[in-house]
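Q: As input, take target-v9.tsv (TSV, C-alpha atoms):
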```tsv
chain	number	residue	atom	x	y	z
A	1	MET	CA	0.00	0.00	0.00
A	2	PRO	CA	1.47	3.39	-0.95
A	3	GLN	CA	2.63	5.35	2.04
A	4	GLU	CA	1.59	8.98	2.55
A	5	SER	CA	4.23	11.65	2.12
A	6	ILE	CA	6.40	12.07	5.17
A	7	ALA	CA	6.69	15.79	4.43
A	8	ALA	CA	3.36	16.45	6.15
A	9	ARG	CA	4.30	14.61	9.35
A	10	PRO	CA	5.90	16.27	12.37
A	11	VAL	CA	9.56	15.30	12.74
A	12	PRO	CA	11.98	15.91	15.58
A	13	VAL	CA	14.10	19.03	15.37
A	14	GLY	CA	17.89	19.01	15.49
A	15	ASN	CA	20.34	17.03	13.40
A	16	PRO	CA	18.91	16.56	9.87
A	17	TYR	CA	20.29	13.01	9.66
A	18	LEU	CA	18.56	12.03	12.89
A	19	ARG	CA	15.36	13.49	11.50
A	20	LEU	CA	15.91	11.52	8.31
A	21	LEU	CA	16.45	8.22	10.11
A	22	SER	CA	13.43	8.86	12.33
A	23	THR	CA	11.25	8.23	9.27
A	24	PRO	CA	9.21	5.08	10.03
A	25	GLY	CA	11.00	2.04	8.58
A	26	ALA	CA	14.05	4.02	7.45
A	27	ARG	CA	16.56	2.50	9.85
A	28	ALA	CA	15.66	-1.05	8.92
A	29	PHE	CA	15.97	-0.63	5.14
A	30	THR	CA	19.09	1.52	5.58
A	31	ALA	CA	20.79	-1.19	7.67
A	32	GLY	CA	20.02	-3.83	5.05
A	33	ASN	CA	21.14	-1.58	2.21
A	34	LEU	CA	24.44	-0.67	3.86
A	35	LEU	CA	25.14	-4.34	4.52
A	36	ALA	CA	24.45	-5.13	0.87
A	37	ARG	CA	26.41	-2.14	-0.40
A	38	LEU	CA	29.67	-2.85	1.45
A	39	PRO	CA	30.56	-5.79	-0.87
A	40	MET	CA	30.45	-3.44	-3.87
A	41	GLY	CA	33.87	-2.23	-2.80
A	42	MET	CA	35.08	-5.76	-2.07
A	43	PHE	CA	34.38	-7.88	-5.13
A	44	SER	CA	36.81	-6.45	-7.68
A	45	VAL	CA	39.72	-6.30	-5.23
A	46	SER	CA	38.96	-9.82	-4.00
A	47	ALA	CA	38.75	-11.14	-7.55
A	48	VAL	CA	42.09	-9.57	-8.51
A	49	ILE	CA	43.85	-11.00	-5.44
A	50	MET	CA	42.27	-14.42	-5.90
A	51	ILE	CA	42.86	-14.77	-9.66
A	52	ALA	CA	46.34	-13.23	-9.67
A	53	GLY	CA	47.38	-15.49	-6.80
A	54	ALA	CA	46.15	-18.63	-8.54
A	55	HIS	CA	47.26	-17.84	-12.10
A	56	GLY	CA	50.18	-15.49	-11.49
A	57	SER	CA	48.75	-12.94	-13.91
A	58	TYR	CA	47.43	-9.50	-13.04
A	59	ALA	CA	46.60	-9.05	-16.72
A	60	LEU	CA	44.17	-11.98	-16.54
A	61	ALA	CA	42.71	-10.69	-13.28
A	62	GLY	CA	42.21	-7.24	-14.79
A	63	ALA	CA	40.62	-8.69	-17.93
A	64	VAL	CA	38.14	-10.73	-15.87
A	65	THR	CA	37.09	-7.76	-13.74
A	66	ALA	CA	36.84	-5.52	-16.83
A	67	THR	CA	34.53	-8.10	-18.41
A	68	GLY	CA	32.33	-7.98	-15.33
A	69	LEU	CA	32.20	-4.18	-15.52
A	70	ALA	CA	31.21	-4.30	-19.18
A	71	ALA	CA	28.52	-6.89	-18.45
A	72	THR	CA	27.18	-4.73	-15.62
A	73	ALA	CA	26.93	-1.73	-17.94
A	74	VAL	CA	24.71	-3.77	-20.26
A	75	VAL	CA	22.63	-5.70	-17.71
A	76	ALA	CA	22.14	-3.17	-14.88
A	77	PRO	CA	19.63	-0.89	-16.67
A	78	TRP	CA	17.50	-3.91	-17.60
A	79	THR	CA	17.56	-5.16	-14.01
A	80	ALA	CA	16.53	-1.70	-12.81
A	81	ARG	CA	13.69	-1.60	-15.35
A	82	LEU	CA	12.37	-4.89	-13.97
A	83	VAL	CA	12.64	-3.49	-10.43
A	84	ASP	CA	10.52	-0.49	-11.43
A	85	ARG	CA	8.00	-2.67	-13.24
A	86	TYR	CA	7.53	-5.46	-10.71
A	87	GLY	CA	8.81	-4.04	-7.42
A	88	GLN	CA	12.08	-4.08	-5.49
A	89	ALA	CA	11.45	-7.22	-3.44
A	90	ARG	CA	10.24	-9.37	-6.35
A	91	ILE	CA	13.26	-8.63	-8.55
A	92	ALA	CA	16.13	-7.73	-6.22
A	93	VAL	CA	16.16	-11.03	-4.32
A	94	PRO	CA	16.37	-13.42	-7.32
A	95	ALA	CA	18.71	-11.07	-9.19
A	96	THR	CA	21.03	-10.98	-6.18
A	97	ALA	CA	20.83	-14.75	-5.77
A	98	LEU	CA	21.98	-15.19	-9.38
A	99	ALA	CA	24.86	-12.75	-8.82
A	100	VAL	CA	25.90	-14.55	-5.62
A	101	LEU	CA	25.92	-17.86	-7.49
A	102	GLY	CA	28.20	-16.23	-10.05
A	103	SER	CA	30.60	-15.12	-7.29
A	104	LEU	CA	30.63	-18.58	-5.71
A	105	ALA	CA	31.13	-20.16	-9.14
A	106	LEU	CA	34.16	-17.91	-9.64
A	107	VAL	CA	35.58	-19.13	-6.31
A	108	LEU	CA	35.13	-22.76	-7.35
A	109	CYS	CA	36.62	-22.18	-10.80
A	110	VAL	CA	39.72	-20.55	-9.31
A	111	HIS	CA	40.08	-23.08	-6.50
A	112	PHE	CA	39.79	-26.12	-8.77
A	113	ASP	CA	41.86	-24.61	-11.62
A	114	ALA	CA	39.03	-24.62	-14.16
A	115	PRO	CA	39.69	-23.39	-17.73
A	116	VAL	CA	40.33	-19.67	-17.97
A	117	TRP	CA	37.17	-18.98	-19.97
A	118	THR	CA	35.04	-20.12	-17.03
A	119	LEU	CA	36.40	-17.22	-14.97
A	120	PHE	CA	34.98	-14.74	-17.46
A	121	VAL	CA	31.60	-16.46	-17.58
A	122	ALA	CA	31.31	-16.73	-13.79
A	123	TYR	CA	32.26	-13.11	-13.14
A	124	ALA	CA	29.95	-11.87	-15.90
A	125	ALA	CA	27.05	-13.57	-14.08
A	126	THR	CA	27.52	-11.14	-11.18
A	127	ALA	CA	26.24	-8.35	-13.46
A	128	THR	CA	22.68	-9.04	-12.28
A	129	THR	CA	23.48	-7.45	-8.90
A	130	PRO	CA	20.81	-4.75	-8.43
A	131	ASN	CA	21.76	-1.13	-7.88
A	132	THR	CA	21.34	-1.13	-4.09
A	133	GLY	CA	22.13	2.56	-3.75
A	134	GLY	CA	19.57	3.42	-6.43
A	135	MET	CA	16.88	1.36	-4.72
A	136	SER	CA	17.57	3.11	-1.43
A	137	ARG	CA	17.42	6.54	-3.08
A	138	ALA	CA	14.13	5.54	-4.72
A	139	ARG	CA	12.70	4.78	-1.28
A	140	TRP	CA	13.77	8.15	0.06
A	141	ALA	CA	12.29	9.86	-3.02
A	142	HIS	CA	8.99	8.06	-2.36
A	143	LEU	CA	8.91	8.75	1.36
A	144	HIS	CA	9.91	12.43	1.07
A	145	ARG	CA	8.26	13.44	-2.17
A	146	GLY	CA	7.29	17.09	-1.96
A	147	ASP	CA	10.02	17.81	0.63
A	148	PRO	CA	13.16	18.96	-1.24
A	149	ALA	CA	15.12	19.68	1.96
A	150	SER	CA	14.69	16.15	3.33
A	151	LEU	CA	15.42	14.65	-0.07
A	152	HIS	CA	18.61	16.72	-0.28
A	153	THR	CA	19.71	15.33	3.09
A	154	ALA	CA	18.80	11.79	1.99
A	155	ASN	CA	20.82	12.06	-1.23
A	156	SER	CA	23.79	13.41	0.72
A	157	PHE	CA	23.52	10.57	3.22
A	158	GLU	CA	23.45	8.01	0.40
A	159	GLN	CA	26.48	9.55	-1.30
A	160	ALA	CA	28.42	9.53	1.96
A	161	ALA	CA	27.44	5.88	2.40
A	162	ASP	CA	28.78	5.13	-1.10
A	163	GLU	CA	32.09	6.76	-0.27
A	164	LEU	CA	32.33	4.94	3.06
A	165	CYS	CA	31.62	1.54	1.53
A	166	PHE	CA	34.11	2.03	-1.29
A	167	MET	CA	36.67	3.20	1.26
A	168	LEU	CA	36.19	0.30	3.69
A	169	GLY	CA	35.35	-2.46	1.19
A	170	PRO	CA	38.79	-2.81	-0.45
A	171	VAL	CA	40.52	-2.72	2.95
A	172	LEU	CA	38.23	-5.44	4.32
A	173	ALA	CA	38.68	-7.56	1.18
A	174	ALA	CA	42.48	-7.32	1.22
A	175	THR	CA	42.57	-8.10	4.95
A	176	LEU	CA	40.37	-11.18	4.63
A	177	CYS	CA	42.25	-12.52	1.59
A	178	GLY	CA	45.60	-12.02	3.31
A	179	ALA	CA	44.72	-13.20	6.80
A	180	LEU	CA	42.51	-16.19	5.93
A	181	PHE	CA	42.65	-17.55	2.36
A	182	PRO	CA	42.51	-15.95	-1.13
A	183	GLU	CA	38.82	-16.75	-1.64
A	184	ALA	CA	37.74	-15.29	1.72
A	185	GLY	CA	37.00	-11.81	0.39
A	186	THR	CA	34.67	-13.05	-2.34
A	187	VAL	CA	32.86	-15.53	-0.08
A	188	THR	CA	32.35	-12.95	2.66
A	189	GLY	CA	31.15	-10.37	0.15
A	190	ALA	CA	28.63	-12.82	-1.28
A	191	VAL	CA	27.24	-13.61	2.17
A	192	LEU	CA	26.98	-9.92	3.10
A	193	LEU	CA	25.31	-9.06	-0.20
A	194	MET	CA	22.64	-11.76	0.05
A	195	THR	CA	21.95	-11.08	3.72
A	196	GLY	CA	21.67	-7.34	3.20
A	197	ILE	CA	19.30	-7.67	0.24
A	198	LEU	CA	17.05	-10.06	2.17
A	199	ILE	CA	16.84	-7.57	5.06
A	200	PHE	CA	16.27	-4.67	2.66
A	201	ALA	CA	13.59	-6.46	0.64
A	202	ALA	CA	11.73	-7.51	3.79
A	203	GLN	CA	10.90	-3.86	4.56
A	204	ARG	CA	7.81	-3.75	2.37
A	205	ALA	CA	6.19	-0.75	4.12
A	206	THR	CA	8.77	1.67	2.67
A	207	GLU	CA	8.98	0.10	-0.80
A	208	PRO	CA	7.86	2.46	-3.58
A	209	PRO	CA	4.61	1.33	-5.23
A	210	VAL	CA	4.82	-0.05	-8.74
A	211	ALA	CA	3.59	2.51	-11.25
A	212	PRO	CA	1.28	1.36	-14.06
A	213	ARG	CA	3.20	0.74	-17.28
A	214	THR	CA	1.93	1.13	-20.80
A	215	THR	CA	3.31	0.18	-24.19
A	216	ALA	CA	4.09	3.88	-24.69
A	217	THR	CA	6.48	3.96	-21.73
A	218	THR	CA	9.99	4.84	-22.93
A	219	SER	CA	13.40	4.76	-21.32
A	220	PRO	CA	14.30	7.63	-18.95
A	221	PHE	CA	17.20	8.23	-21.33
A	222	ARG	CA	14.73	10.03	-23.58
A	223	SER	CA	13.55	12.39	-20.86
A	224	PRO	CA	14.43	16.05	-21.58
A	225	GLY	CA	17.78	16.93	-20.07
A	226	MET	CA	18.76	13.34	-19.28
A	227	PRO	CA	21.26	12.70	-22.15
A	228	ALA	CA	23.30	15.78	-21.23
A	229	LEU	CA	23.19	14.87	-17.55
A	230	LEU	CA	24.42	11.35	-18.32
A	231	ALA	CA	27.28	12.90	-20.29
A	232	VAL	CA	28.19	14.85	-17.14
A	233	PHE	CA	28.15	11.61	-15.12
A	234	LEU	CA	30.36	9.99	-17.79
A	235	ALA	CA	32.94	12.77	-17.50
A	236	THR	CA	32.71	12.74	-13.69
A	237	GLY	CA	33.38	9.00	-13.70
A	238	ALA	CA	36.50	9.69	-15.76
A	239	VAL	CA	37.66	11.98	-12.95
A	240	PHE	CA	37.39	9.13	-10.44
A	241	GLY	CA	38.93	6.47	-12.69
A	242	SER	CA	41.93	8.52	-13.77
A	243	LEU	CA	42.59	9.88	-10.27
A	244	GLU	CA	42.63	6.34	-8.87
A	245	VAL	CA	45.10	4.96	-11.41
A	246	VAL	CA	47.43	7.96	-11.32
A	247	SER	CA	47.48	8.13	-7.51
A	248	ILE	CA	48.22	4.42	-7.21
A	249	ALA	CA	51.08	4.79	-9.69
A	250	HIS	CA	52.43	7.85	-7.90
A	251	ALA	CA	52.03	6.98	-4.24
A	252	GLY	CA	50.27	3.63	-3.75
A	253	GLY	CA	46.64	2.72	-3.15
A	254	ALA	CA	46.42	3.68	0.53
A	255	ILE	CA	46.53	7.40	-0.27
A	256	LEU	CA	43.21	7.10	-2.13
A	257	ALA	CA	41.41	6.63	1.18
A	258	LEU	CA	42.03	10.31	1.88
A	259	GLN	CA	40.19	11.37	-1.25
A	260	ALA	CA	37.25	9.14	-0.31
A	261	ALA	CA	37.34	10.44	3.28
A	262	GLY	CA	37.25	14.05	2.07
A	263	SER	CA	34.29	13.24	-0.16
A	264	CYS	CA	32.45	11.42	2.64
A	265	VAL	CA	32.83	14.29	5.11
A	266	ALA	CA	31.92	16.89	2.48
A	267	GLY	CA	28.81	14.90	1.57
A	268	LEU	CA	27.62	14.81	5.17
A	269	VAL	CA	28.28	18.53	5.66
A	270	TYR	CA	26.56	19.35	2.37
A	271	GLY	CA	23.50	17.33	3.39
A	272	SER	CA	23.20	19.17	6.70
A	273	MET	CA	22.93	22.50	4.89
A	274	ARG	CA	19.67	23.84	3.57
A	275	PRO	CA	19.90	23.72	-0.27
A	276	ALA	CA	19.95	27.22	-1.71
A	277	GLY	CA	19.02	28.24	-5.25
A	278	ASN	CA	17.97	25.87	-8.01
A	279	VAL	CA	19.71	22.55	-8.42
A	280	ASN	CA	21.04	23.32	-11.92
A	281	ARG	CA	23.10	26.20	-10.58
A	282	ARG	CA	24.23	24.11	-7.60
A	283	LEU	CA	25.51	21.45	-9.98
A	284	LEU	CA	27.42	24.02	-12.02
A	285	LEU	CA	28.96	25.48	-8.86
A	286	CYS	CA	29.97	22.02	-7.62
A	287	LEU	CA	31.52	21.13	-10.98
A	288	ALA	CA	33.44	24.41	-11.03
A	289	SER	CA	34.71	23.73	-7.50
A	290	MET	CA	35.70	20.19	-8.46
A	291	THR	CA	37.63	21.47	-11.47
A	292	VAL	CA	39.55	23.96	-9.33
A	293	LEU	CA	40.27	21.43	-6.58
A	294	MET	CA	41.44	18.77	-9.06
A	295	SER	CA	44.30	21.09	-9.97
A	296	LEU	CA	45.72	20.75	-6.44
A	297	PRO	CA	47.12	17.18	-6.78
A	298	LEU	CA	48.77	18.20	-10.07
A	299	LEU	CA	50.35	21.26	-8.47
A	300	ALA	CA	51.51	19.26	-5.43
A	301	ALA	CA	53.04	16.49	-7.54
A	302	ALA	CA	54.69	18.90	-9.97
A	303	THR	CA	56.10	21.43	-7.51
A	304	THR	CA	56.76	19.75	-4.16
A	305	GLY	CA	57.06	15.99	-4.67
A	306	SER	CA	55.99	15.66	-1.03
A	307	LEU	CA	53.64	12.78	-0.23
A	308	PRO	CA	52.12	14.53	2.84
A	309	VAL	CA	51.33	17.58	0.69
A	310	LEU	CA	49.87	15.37	-2.03
A	311	ALA	CA	47.80	13.56	0.58
A	312	GLY	CA	46.39	16.86	1.84
A	313	CYS	CA	45.58	17.94	-1.71
A	314	LEU	CA	43.75	14.67	-2.39
A	315	LEU	CA	41.76	15.19	0.80
A	316	LEU	CA	40.74	18.65	-0.42
A	317	ALA	CA	40.09	17.39	-3.96
A	318	GLY	CA	37.56	14.93	-2.57
A	319	ALA	CA	35.59	17.73	-0.94
A	320	ALA	CA	33.75	18.62	-4.15
A	321	THR	CA	33.00	15.15	-5.48
A	322	ALA	CA	30.19	14.17	-3.09
A	323	PRO	CA	28.29	17.50	-3.45
A	324	THR	CA	28.62	17.11	-7.23
A	325	MET	CA	27.15	13.61	-7.14
A	326	VAL	CA	24.37	14.68	-4.76
A	327	SER	CA	23.33	17.52	-7.05
A	328	GLY	CA	23.55	15.27	-10.10
A	329	MET	CA	21.40	12.56	-8.51
A	330	THR	CA	18.84	15.17	-7.47
A	331	LEU	CA	18.55	16.20	-11.12
A	332	VAL	CA	18.25	12.56	-12.19
A	333	GLN	CA	15.30	12.17	-9.82
A	334	ARG	CA	13.67	15.29	-11.27
A	335	PHE	CA	14.21	14.33	-14.90
A	336	THR	CA	13.05	10.73	-14.42
A	337	PRO	CA	9.34	9.79	-14.33
A	338	ARG	CA	8.35	8.71	-10.82
A	339	GLY	CA	7.69	5.07	-11.78
A	340	GLN	CA	11.14	4.69	-13.40
A	341	LEU	CA	13.44	6.03	-10.68
A	342	ASN	CA	15.48	2.84	-10.31
A	343	GLU	CA	16.15	2.72	-14.03
A	344	GLY	CA	17.00	6.42	-14.21
A	345	MET	CA	19.48	6.27	-11.35
A	346	THR	CA	20.99	3.05	-12.69
A	347	LEU	CA	21.57	4.77	-16.04
A	348	ALA	CA	23.47	7.47	-14.15
A	349	VAL	CA	25.57	4.88	-12.31
A	350	THR	CA	26.21	3.01	-15.57
A	351	ALA	CA	27.37	6.21	-17.26
A	352	MET	CA	29.67	6.89	-14.34
A	353	LEU	CA	31.12	3.36	-14.50
A	354	GLY	CA	31.77	3.85	-18.20
A	355	GLY	CA	33.61	7.05	-17.33
A	356	VAL	CA	35.61	5.25	-14.65
A	357	ALA	CA	36.75	2.69	-17.23
A	358	ALA	CA	37.66	5.40	-19.77
A	359	GLY	CA	39.40	7.50	-17.12
A	360	SER	CA	41.39	4.51	-15.88
A	361	ALA	CA	42.58	3.80	-19.41
A	362	ALA	CA	43.48	7.44	-20.07
A	363	GLY	CA	45.25	7.84	-16.73
A	364	GLY	CA	47.18	4.62	-17.23
A	365	TRP	CA	48.27	5.67	-20.72
A	366	LEU	CA	49.48	9.05	-19.46
A	367	VAL	CA	51.38	7.49	-16.57
A	368	GLU	CA	53.09	5.01	-18.88
A	369	HIS	CA	53.98	7.50	-21.61
A	370	ALA	CA	54.40	10.80	-19.76
A	371	GLY	CA	54.93	9.94	-16.10
A	372	ALA	CA	52.79	9.94	-12.96
A	373	VAL	CA	53.01	13.70	-12.46
A	374	THR	CA	51.63	14.44	-15.92
A	375	GLY	CA	48.99	11.81	-15.29
A	376	TYR	CA	47.26	14.18	-12.87
A	377	THR	CA	46.21	16.28	-15.87
A	378	ALA	CA	43.69	13.53	-16.71
A	379	PRO	CA	41.31	14.09	-13.75
A	380	LEU	CA	41.68	17.86	-14.16
A	381	CYS	CA	40.72	17.70	-17.84
A	382	ALA	CA	37.84	15.29	-17.12
A	383	ALA	CA	36.46	17.66	-14.47
A	384	ALA	CA	36.73	20.58	-16.89
A	385	LEU	CA	34.91	18.53	-19.55
A	386	ALA	CA	32.10	17.78	-17.10
A	387	LEU	CA	31.80	21.50	-16.31
A	388	VAL	CA	31.74	22.52	-19.99
A	389	THR	CA	29.13	19.84	-20.77
A	390	ALA	CA	26.86	20.94	-17.93
A	391	THR	CA	27.29	24.63	-18.75
A	392	THR	CA	26.47	24.07	-22.41
A	393	ALA	CA	23.41	21.98	-21.58
A	394	HIS	CA	22.22	24.61	-19.09
A	395	ALA	CA	22.60	27.38	-21.69
A	396	VAL	CA	20.70	25.34	-24.29
A	397	ARG	CA	17.82	24.68	-21.88
A	398	ARG	CA	17.57	28.39	-21.09
A	399	ALA	CA	17.78	29.54	-24.74
A	400	PRO	CA	14.40	30.79	-26.04
A	401	ALA	CA	12.76	28.38	-28.45
A	402	PRO	CA	11.10	29.66	-31.67
A	403	GLY	CA	7.36	30.20	-31.44
A	404	PRO	CA	5.38	30.21	-28.19
A	405	THR	CA	7.46	30.18	-25.01
A	406	PRO	CA	7.45	26.68	-23.47
A	407	PRO	CA	6.48	26.29	-19.81
A	408	ARG	CA	9.36	26.43	-17.33
A	409	THR	CA	10.30	23.26	-15.53
A	410	PRO	CA	10.91	23.13	-11.77
A	411	GLU	CA	14.65	22.81	-12.17
A	412	GLU	CA	15.04	25.92	-14.32
```
Represent the supplied structure as structure tokens.
A:
Amino acid sequence: MPQESIAARPVPVGNPYLRLLSTPGARAFTAGNLLARLPMGMFSVSAVIMIAGAHGSYALAGAVTATGLAATAVVAPWTARLVDRYGQARIAVPATALAVLGSLALVLCVHFDAPVWTLFVAYAATATTPNTGGMSRARWAHLHRGDPASLHTANSFEQAADELCFMLGPVLAATLCGALFPEAGTVTGAVLLMTGILIFAAQRATEPPVAPRTTATTSPFRSPGMPALLAVFLATGAVFGSLEVVSIAHAGGAILALQAAGSCVAGLVYGSMRPAGNVNRRLLLCLASMTVLMSLPLLAAATTGSLPVLAGCLLLAGAATAPTMVSGMTLVQRFTPRGQLNEGMTLAVTAMLGGVAAGSAAGGWLVEHAGAVTGYTAPLCAAALALVTATTAHAVRRAPAPGPTPPRTPEE
């Protein structure tokens, strides 16, 4: 049964995150979602450690994980469409079960030295994993429809949760694989994922109702403004992918935790503030800030060569990424029809993953051919591209159309 808007209900004053989690049913579905989301930062690291240890080839391990990423880019929007059409509980549980079987099959194939092609097939099967963050954001959008301030806090909370999980997940995976056995990270991630989804899906009172679908229903990709916004997510993903590769090459993987920590803290602070102005301008401001801050690691690497200084610059560089993603996801929710929120947000995540892959390749090429210092131009250029794309799209939307003036949309 659809739940009435929470916006009309009295909520306790004080910390906005405490108010958010005081929403009936919110703590239960949030706990399940966080449990299911933590493995998202574990699986790729676990797979690399497990496959490289068994086959002695990081190239093979990278190829297998890249295949899984490509499969996810293709399958994830279809899984999200099914979630919107039939409901989160009905689709998320079997889709997760299939993904977990793929992870366990990968463990067996590695452990029993199965043919190499089976590794690709098994890891590709994990592409059915539902977008847990998108499903959680869809619940908040349903519960707080008509309350932009609460939805802003919810989106900030979810972005901070993403950063936290991707900061802790790789550390947990590496620790388990090193302290126990190489397959421990994948097995633990599979158990956490399935358990979290079962807890999340059991909270039916907060699940968004299924909207009626007709044969005329089209993909959210065709919604006005969505293609340009997805291009911004693609460029933003390239920022993350290139920054990761270049920083690992320059100073090792541990330093990346500072960038994620800066983003996590900034996301929480951003969510505690009352959103001012329209969201289009907020996105442009965040992208401009991200472009400026992404110049700091380049300046530190080129002028000082000091790892502590570089670490501080990465911490500052992360401060603009979470607000950028929060503003972008808010626009995705506005551009996407209410009954297609999971698909719309999954398209955004898919675009970002595509950008991560492209940014990783570009950053790796620059490091190999021009050095790690020059490699820091990749995230700076990607951030600038995202800003130019968003600015151009904003100018086009505001340009007067020939003939009668069209009605203004809420985000203009």
Q: Which value, in Å to one decimal, gives the distance between CA of Pro297 (chain A) and CA of Ala378 (chain A)?
A: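 Between CA of Pro297 (chain A) and CA of Ala378 (chain A) the gap is 11.1 Å.
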Q: Any chance you could tabulate, as CSV, the residues of region 324-358 of chain A at most 12 Å from region 63-79 of chain A with each one's nearest atom pair and distance in Å to one decimal, using all atoms listed in the file, in chain and rising number order?
A:
```
residue,atom,partner,partner_atom,distance
A:Gln340,CA,A:Pro77,CA,10.7
A:Leu341,CA,A:Pro77,CA,11.0
A:Asn342,CA,A:Pro77,CA,8.5
A:Glu343,CA,A:Pro77,CA,5.7
A:Gly344,CA,A:Pro77,CA,8.1
A:Met345,CA,A:Pro77,CA,8.9
A:Thr346,CA,A:Pro77,CA,5.8
A:Leu347,CA,A:Pro77,CA,6.0
A:Ala348,CA,A:Pro77,CA,9.5
A:Val349,CA,A:Ala73,CA,8.8
A:Thr350,CA,A:Ala73,CA,5.3
A:Ala351,CA,A:Ala73,CA,8.0
A:Met352,CA,A:Ala73,CA,9.7
A:Leu353,CA,A:Ala73,CA,7.4
A:Gly354,CA,A:Ala73,CA,7.4
A:Gly355,CA,A:Ala73,CA,11.0
A:Val356,CA,A:Leu69,CA,10.1
A:Ala357,CA,A:Ala66,CA,8.2
A:Ala358,CA,A:Ala66,CA,11.3
```
Q: Report, in Å to a single decimal, how far apart CA of Met42 (chain A) and CA of Gly185 (chain A) are.
A: 6.8 Å
Q: So what do you get for CA of Leu82 (chain A) versus CA of Gly133 (chain A), distance-wise?
A: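 About the pair CA of Leu82 (chain A) and CA of Gly133 (chain A): they are 16.0 Å apart.
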Q: So, with all atoms listed in the file as the atoms that count, which of A:Ala97, A:Ala154, A:Leu180, A:Ala300 lies closest to Ala317 (chain A)?
A: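 For Ala317 (chain A), the nearest of the given residues is A:Ala300.
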Q: Find the spatial neighbours of Thr175 (chain A), counting all atoms listed in the file, within a cut-off of 10 Å - ignore same-chain residues fewer than 5 positions away - and output them as a list in words.
A: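 Within the cut-off, the hits are Ser46, Gly169, Pro170, Leu180, Phe181, Pro182, Ala184 and Gly185 of chain A.
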Q: Produce a file of the selected residues containing C-alpha atoms, as a PDB file, keeping the file's coordinate frame.
A:
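And here is the file that came out, selection39.pdb:
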```
ATOM      1  CA  SER A  46      38.960  -9.820  -4.000  1.00  0.00           C
ATOM      2  CA  GLY A 169      35.350  -2.460   1.190  1.00  0.00           C
ATOM      3  CA  PRO A 170      38.790  -2.810  -0.450  1.00  0.00           C
ATOM      4  CA  LEU A 180      42.510 -16.190   5.930  1.00  0.00           C
ATOM      5  CA  PHE A 181      42.650 -17.550   2.360  1.00  0.00           C
ATOM      6  CA  PRO A 182      42.510 -15.950  -1.130  1.00  0.00           C
ATOM      7  CA  ALA A 184      37.740 -15.290   1.720  1.00  0.00           C
ATOM      8  CA  GLY A 185      37.000 -11.810   0.390  1.00  0.00           C
TER       9      GLY A 185
END
```
Q: Region 306-314 of chain A: which residues within 9 Å, counting all atoms listed in the file, same-chain residues fewer than 5 positions away excluded, as a list of chain:residue names?
A: A:Ala251, A:Ile255, A:Leu256, A:Leu258, A:Gln259, A:Ala260, A:Gly262, A:Leu293, A:Met294, A:Ser295, A:Leu296, A:Pro297, A:Leu298, A:Leu299, A:Ala300, A:Ala301, A:Ala319
Q: Using all atoms listed in the file, which protein or nucleic acid residues come within 7 Å of region 363-377 of chain A? Drop anything in the same chain fewer than 5 positions from it, and give the result as an NGL selection string.
A: :A and (242-243 or 245-246 or 249-250 or 297-298 or 301-302)
Q: Kindly save the residues from that selection, with C-alpha atoms included, as a compact mmCIF listing (two decimals), in the frame of the given file.
A:
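Result saved to result28.txt:
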```txt
# COMPACT_ATOMS: atom_id res chain seq x y z
CA SER A 242 41.93 8.52 -13.77
CA LEU A 243 42.59 9.88 -10.27
CA VAL A 245 45.10 4.96 -11.41
CA VAL A 246 47.43 7.96 -11.32
CA ALA A 249 51.08 4.79 -9.69
CA HIS A 250 52.43 7.85 -7.90
CA PRO A 297 47.12 17.18 -6.78
CA LEU A 298 48.77 18.20 -10.07
CA ALA A 301 53.04 16.49 -7.54
CA ALA A 302 54.69 18.90 -9.97
```
Q: As a list in words, please: the residues near Gly196 (chain A) (cut-off 8 Å, all atoms listed in the file, same-chain neighbours under 3 positions excluded).
A: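 Once the adjacent positions are removed, what remains is Ala31, Gly32, Asn33, Leu34, Leu35, Ala36, Arg37, Leu192, Leu193, Ile199 and Phe200 of chain A.
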Q: Grab the residues selected above and save them as a short mmCIF file (atom, residue, chain, number, x, y, z; two decimals), keeping the file's coordinate frame with C-alpha atoms.
A:
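Ended up saving to part_21.cif:
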```cif
data_model
loop_
_atom_site.label_atom_id
_atom_site.label_comp_id
_atom_site.auth_asym_id
_atom_site.auth_seq_id
_atom_site.Cartn_x
_atom_site.Cartn_y
_atom_site.Cartn_z
CA ALA A 31 20.79 -1.19 7.67
CA GLY A 32 20.02 -3.83 5.05
CA ASN A 33 21.14 -1.58 2.21
CA LEU A 34 24.44 -0.67 3.86
CA LEU A 35 25.14 -4.34 4.52
CA ALA A 36 24.45 -5.13 0.87
CA ARG A 37 26.41 -2.14 -0.40
CA LEU A 192 26.98 -9.92 3.10
CA LEU A 193 25.31 -9.06 -0.20
CA ILE A 199 16.84 -7.57 5.06
CA PHE A 200 16.27 -4.67 2.66
#
```
Q: Taking into account all atoms listed in the file, which residue in the set A:Trp117, A:Cys177, A:Ala47, A:Ala211 is nearest to Val83 (chain A)?
A: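 Between A:Trp117, A:Cys177, A:Ala47, A:Ala211, the residue approaching Val83 (chain A) most closely is A:Ala211.
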Q: Between A:Thr391, A:Thr236, A:Gln333, A:Thr153, which one has atoms that come closest to Leu18 (chain A), using all atoms listed in the file?
A: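 Of A:Thr391, A:Thr236, A:Gln333, A:Thr153, the one nearest Leu18 (chain A), counting all atoms listed in the file, is A:Thr153.
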Q: Have a look at A:Gly237, A:Gly225, A:Gly305, A:Pro379 and name the one nearest to Val332 (chain A); count all atoms listed in the file.
A: A:Gly225
Q: Which residue is closest to Thr132 (chain A)? Choose from A:Ser327, A:Thr118, A:Ser150, A:Thr30 and count only C-alpha atoms.
A: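 So, comparing all the options, the nearest one is A:Thr30.
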